[in-house]
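Colleague: Here it is, the structure in full.
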Amino acid sequence: MTEAAETRHFRALFISDVHLGSKAARTDFLLDFLRHHEADTIYLVGDIVDGWRLKRSWYWPQGCNDVIQKLLRKGRKGARIVYIPGNHDEFLRDFPGIHFGGIEVVERTVHEAADGKKYLVLHGDEFDVVVRNIRLLAYLGDWAYDAAIAINVVLAAVRRRLNLPYWSFSAWAKLQVKQAVNFIGEFQKVVAEEARRHQVDGVICGHIHHAVMEDIEGIRYINTGDWVESCTAIAEHMDGTFELINWQRSSVIQSDSEVLEPIALPQTLVSPASDMQAA
């Protein structure tokens with residue numbers, strides 16, 4: 001309990017796919033995470049605001065304001081905050097180089113880690129053929145995803161009453177569909193190839209809501225996950241090593257000091273601080 005509540009300071013934090021404006025956004029978990037994590041630089045790697053859903057019906061509870069205010073406060077205290085728009089907040093792509101309240105908007109960037117390795121940082125939707133070329137199908141998929149998230153909400157309420165840990169139906173269902181698993185694999189390869197083309201050591205992205213750190217043919221592929229299903233973020237330590245943090249189940253589930261296969265997020269570990277926050 002005490003360890004989970006301690007504030008940790010990192011060289012950089014990478015967060016994506018919060019989907020503020022969606023009823024599925026876990027603003028409670030994210031606020032708890034932001035209370036206990038500080039960084040010199042915070043990268044918001046796309047889909048922080050869900051413009052698609054806000055266009056369909058306006059939904060902006062106090063939790064969304066609290067997240068924005070928390071990030072702005074970190075910026076006022078000296079953190080550099082870089083916002084890389086995704087497809088759901090693509091309206092911000094019209095403002096590259098602009099600063100909003102201390103938040104810098106860029107289309108993509110290169111992050112140099114403390115050990116000198118360079119990472120291409122982008123959202124990743126430009127490598128999603130459906131989003132890029134078949135927008136109507138993308139919207140239909142978004143509606144289906146909404147339905148899965150609605151089931152998530154009901155299941156989460158039932159599991160809380162039974163004193164069971166959070167479990168994402170939508171994440172589980174996605175990984176049962178062969179096409180989705182194949183898509184994730186192909187997406188990772190294409191994004192890694194883009195990093196190779198830019199002659200960098202790795203890539204940090206979001207978009208597909210599948211948190212992982214792995215090496216793909218010599219390129220370090222890192223996906224931040226999301227704050228809808230997995231509640232994950234990537235953190236860079238002062239020595240340039242990276243951690244994949246899952247704030248709903250455990251404080252750390254993978255770090256560069258470990259040699260691990262690509263992971264499936266565990267279902268049994270719960271972060272005490274975040275679990276109490278959600279309850």
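Ligands are numbered from 1 in the order shown, residues from 1 within each chain, and chains are lettered A, B, ... in the order they appear in the structure tokens.
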Between stretch 62-123 of chain A and stretch 213-231 of chain A, at 10 Å or less, what are the per-residue closest atom pairs and their distances in Å? Count only C-alpha atoms, order by chain and rising residue number, and return it as a Markdown table.

Modeller:
```
| residue | atom | partner | partner_atom | distance |
| --- | --- | --- | --- | --- |
| A:Lys118 | CA | A:Arg220 | CA | 10.0 |
| A:Tyr119 | CA | A:Arg220 | CA | 8.3 |
| A:Leu120 | CA | A:Tyr221 | CA | 9.8 |
| A:Val121 | CA | A:Ile222 | CA | 9.6 |
| A:His123 | CA | A:Asn223 | CA | 9.4 |
```

Colleague: Using the chain letters and numbers from this document, which residues of stretch 34-164 of chain A does DSSP assign to alpha helix (DSSP H), as a ChimeraX atom specification?

Modeller: /A:34-35,51-56,62-76,129-133,135-161

Colleague: Would you put the residues from that selection into a file with C-alpha atoms, as an mmCIF file, in the first residue's frame?

Modeller:
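As written to disk, out_21.cif reads:
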```cif
data_model
loop_
_atom_site.group_PDB
_atom_site.id
_atom_site.type_symbol
_atom_site.label_atom_id
_atom_site.label_comp_id
_atom_site.auth_asym_id
_atom_site.auth_seq_id
_atom_site.Cartn_x
_atom_site.Cartn_y
_atom_site.Cartn_z
ATOM 1 C CA LEU A 34 -0.852 11.275 -12.563
ATOM 2 C CA ARG A 35 -0.920 11.987 -8.821
ATOM 3 C CA GLY A 51 -13.538 14.138 -31.077
ATOM 4 C CA TRP A 52 -15.420 11.407 -32.957
ATOM 5 C CA ARG A 53 -17.663 10.632 -29.984
ATOM 6 C CA LEU A 54 -18.063 14.272 -28.973
ATOM 7 C CA LYS A 55 -19.412 15.007 -32.455
ATOM 8 C CA ARG A 56 -22.052 12.296 -32.044
ATOM 9 C CA GLN A 62 -15.873 16.627 -14.307
ATOM 10 C CA GLY A 63 -13.298 13.819 -14.591
ATOM 11 C CA CYS A 64 -12.350 15.033 -18.083
ATOM 12 C CA ASN A 65 -11.784 18.562 -16.782
ATOM 13 C CA ASP A 66 -9.749 17.167 -13.899
ATOM 14 C CA VAL A 67 -7.391 15.302 -16.252
ATOM 15 C CA ILE A 68 -6.831 18.405 -18.398
ATOM 16 C CA GLN A 69 -6.261 20.581 -15.332
ATOM 17 C CA LYS A 70 -3.828 18.040 -13.874
ATOM 18 C CA LEU A 71 -1.747 18.025 -17.063
ATOM 19 C CA LEU A 72 -1.775 21.836 -17.294
ATOM 20 C CA ARG A 73 -0.668 22.021 -13.659
ATOM 21 C CA LYS A 74 2.266 19.721 -14.377
ATOM 22 C CA GLY A 75 3.196 21.995 -17.266
ATOM 23 C CA ARG A 76 3.101 25.062 -15.017
ATOM 24 C CA VAL A 129 -5.380 1.098 -43.699
ATOM 25 C CA VAL A 130 -8.988 1.146 -42.464
ATOM 26 C CA VAL A 131 -8.663 4.529 -40.751
ATOM 27 C CA ARG A 132 -6.682 6.038 -43.591
ATOM 28 C CA ASN A 133 -8.597 4.787 -46.631
ATOM 29 C CA ARG A 135 -13.316 6.102 -43.071
ATOM 30 C CA LEU A 136 -16.933 4.813 -43.062
ATOM 31 C CA LEU A 137 -15.758 1.325 -42.069
ATOM 32 C CA ALA A 138 -13.633 2.883 -39.356
ATOM 33 C CA TYR A 139 -16.692 4.649 -37.948
ATOM 34 C CA LEU A 140 -18.693 1.412 -38.021
ATOM 35 C CA GLY A 141 -15.889 -0.333 -36.170
ATOM 36 C CA ASP A 142 -15.902 2.502 -33.646
ATOM 37 C CA TRP A 143 -19.620 1.934 -32.970
ATOM 38 C CA ALA A 144 -19.015 -1.794 -32.463
ATOM 39 C CA TYR A 145 -16.204 -0.940 -30.082
ATOM 40 C CA ASP A 146 -18.595 1.314 -28.156
ATOM 41 C CA ALA A 147 -20.925 -1.664 -27.697
ATOM 42 C CA ALA A 148 -18.082 -3.796 -26.323
ATOM 43 C CA ILE A 149 -17.125 -0.985 -23.943
ATOM 44 C CA ALA A 150 -20.748 -0.740 -22.734
ATOM 45 C CA ILE A 151 -20.558 -4.431 -21.821
ATOM 46 C CA ASN A 152 -17.290 -3.616 -20.041
ATOM 47 C CA VAL A 153 -19.041 -1.073 -17.831
ATOM 48 C CA VAL A 154 -21.717 -3.568 -16.735
ATOM 49 C CA LEU A 155 -19.179 -6.328 -16.072
ATOM 50 C CA ALA A 156 -16.923 -3.979 -14.128
ATOM 51 C CA ALA A 157 -19.797 -3.001 -11.835
ATOM 52 C CA VAL A 158 -20.677 -6.649 -11.208
ATOM 53 C CA ARG A 159 -17.036 -7.594 -10.542
ATOM 54 C CA ARG A 160 -16.636 -4.713 -8.076
ATOM 55 C CA ARG A 161 -19.652 -5.959 -6.126
#
```

Colleague: Can you measure atom CA of A:Leu164 to atom CA of A:Phe14 for me? One decimal in Å is fine.

Modeller: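 Separation between atom CA of A:Leu164 and atom CA of A:Phe14: 28.6 Å.
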
Colleague: Can you pull out every residue within 12 Å of A:Arg93, counting only C-alpha atoms, but drop anything in the same chain fewer than 4 positions away, and send it as a PyMOL selection string?

Modeller: chain A and resi 46-47+83-89+97-98+104-108+123

Colleague: Using C-alpha atoms, can you write the selected residues to a file as a PDB file, in the first residue's frame?

Modeller:
```
ATOM      1  CA  GLY A  46      -2.746  10.790 -29.592  1.00  0.00           C
ATOM      2  CA  ASP A  47      -6.457  10.195 -29.009  1.00  0.00           C
ATOM      3  CA  TYR A  83       0.819  16.528 -27.706  1.00  0.00           C
ATOM      4  CA  ILE A  84       0.907  14.337 -30.832  1.00  0.00           C
ATOM      5  CA  PRO A  85      -2.656  14.194 -32.234  1.00  0.00           C
ATOM      6  CA  GLY A  86      -4.242  10.904 -33.311  1.00  0.00           C
ATOM      7  CA  ASN A  87      -7.195  10.129 -35.539  1.00  0.00           C
ATOM      8  CA  HIS A  88      -9.806  10.805 -32.834  1.00  0.00           C
ATOM      9  CA  ASP A  89      -8.325  14.236 -32.056  1.00  0.00           C
ATOM     10  CA  GLY A  97       3.922  24.004 -33.523  1.00  0.00           C
ATOM     11  CA  ILE A  98       1.207  25.816 -31.579  1.00  0.00           C
ATOM     12  CA  GLU A 104       3.129  21.866 -27.516  1.00  0.00           C
ATOM     13  CA  VAL A 105       1.371  20.302 -30.526  1.00  0.00           C
ATOM     14  CA  VAL A 106       3.511  18.378 -33.045  1.00  0.00           C
ATOM     15  CA  GLU A 107       2.594  15.849 -35.731  1.00  0.00           C
ATOM     16  CA  ARG A 108       5.386  13.465 -34.685  1.00  0.00           C
ATOM     17  CA  HIS A 123       0.238   7.953 -32.809  1.00  0.00           C
TER      18      HIS A 123
END
```

Colleague: Smallest atom-to-atom distance to A:Lys117: which of A:Asp201, A:Glu194, A:Asp28, A:Asp50, using only C-alpha atoms?

Modeller: A:Asp201

Colleague: Do you know which residues are at most 6 Å from A:Ile48 counting only C-alpha atoms, after dropping those on the same chain fewer than 2 positions away, and could you put them as a ChimeraX atom specification?

Modeller: /A:17-19,46

Colleague: When you look at A:Asp239 with a cut-off of 10 Å (counting only C-alpha atoms), what residues show up, excluding the ones that are within fewer than 6 positions of it in the same chain? I need them as a VMD selection string.

Modeller: chain A and resid 10 to 11 113 to 116

Colleague: For the residues in that selection, give me C-alpha atoms as a JSON list (two decimals), in the first residue's frame.

Modeller:
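New file result_30.json:
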```json
[["chain", "number", "residue", "atom", "x", "y", "z"],
["A", 10, "PHE", "CA", 10.87, 9.72, -14.51],
["A", 11, "ARG", "CA", 12.77, 11.32, -17.32],
["A", 113, "ALA", "CA", 16.64, 8.70, -24.43],
["A", 114, "ALA", "CA", 19.25, 9.18, -21.72],
["A", 115, "ASP", "CA", 21.41, 6.40, -23.19],
["A", 116, "GLY", "CA", 21.54, 8.17, -26.56]]
```

Colleague: Please, what distance in Å, to one decimal, runs between atom CA of A:Leu20 and atom CA of A:Val49?

Modeller: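 Here the two named atoms are 4.5 Å from each other.
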
Colleague: When distances are computed from only C-alpha atoms, which of A:Leu92, A:Ile81, A:Val191, A:Leu30 shows the smallest separation from A:Ile42?

Modeller: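 Smallest distance to A:Ile42 is found for A:Ile81.
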
Colleague: Near A:Gly124, within 8 Å and counting only C-alpha atoms, which residues show up once chain neighbours fewer than 2 positions away are dropped, as a list in words?

Modeller: Gly86, Leu122, Glu126, Phe127, Asp128, Val191, Cys205, Gly206 and His207 of chain A

Colleague: Using only C-alpha atoms, which of A:Leu13, A:Ala192, A:Val82, A:Ile184 sits nearest A:Leu244?

Modeller: A:Leu13
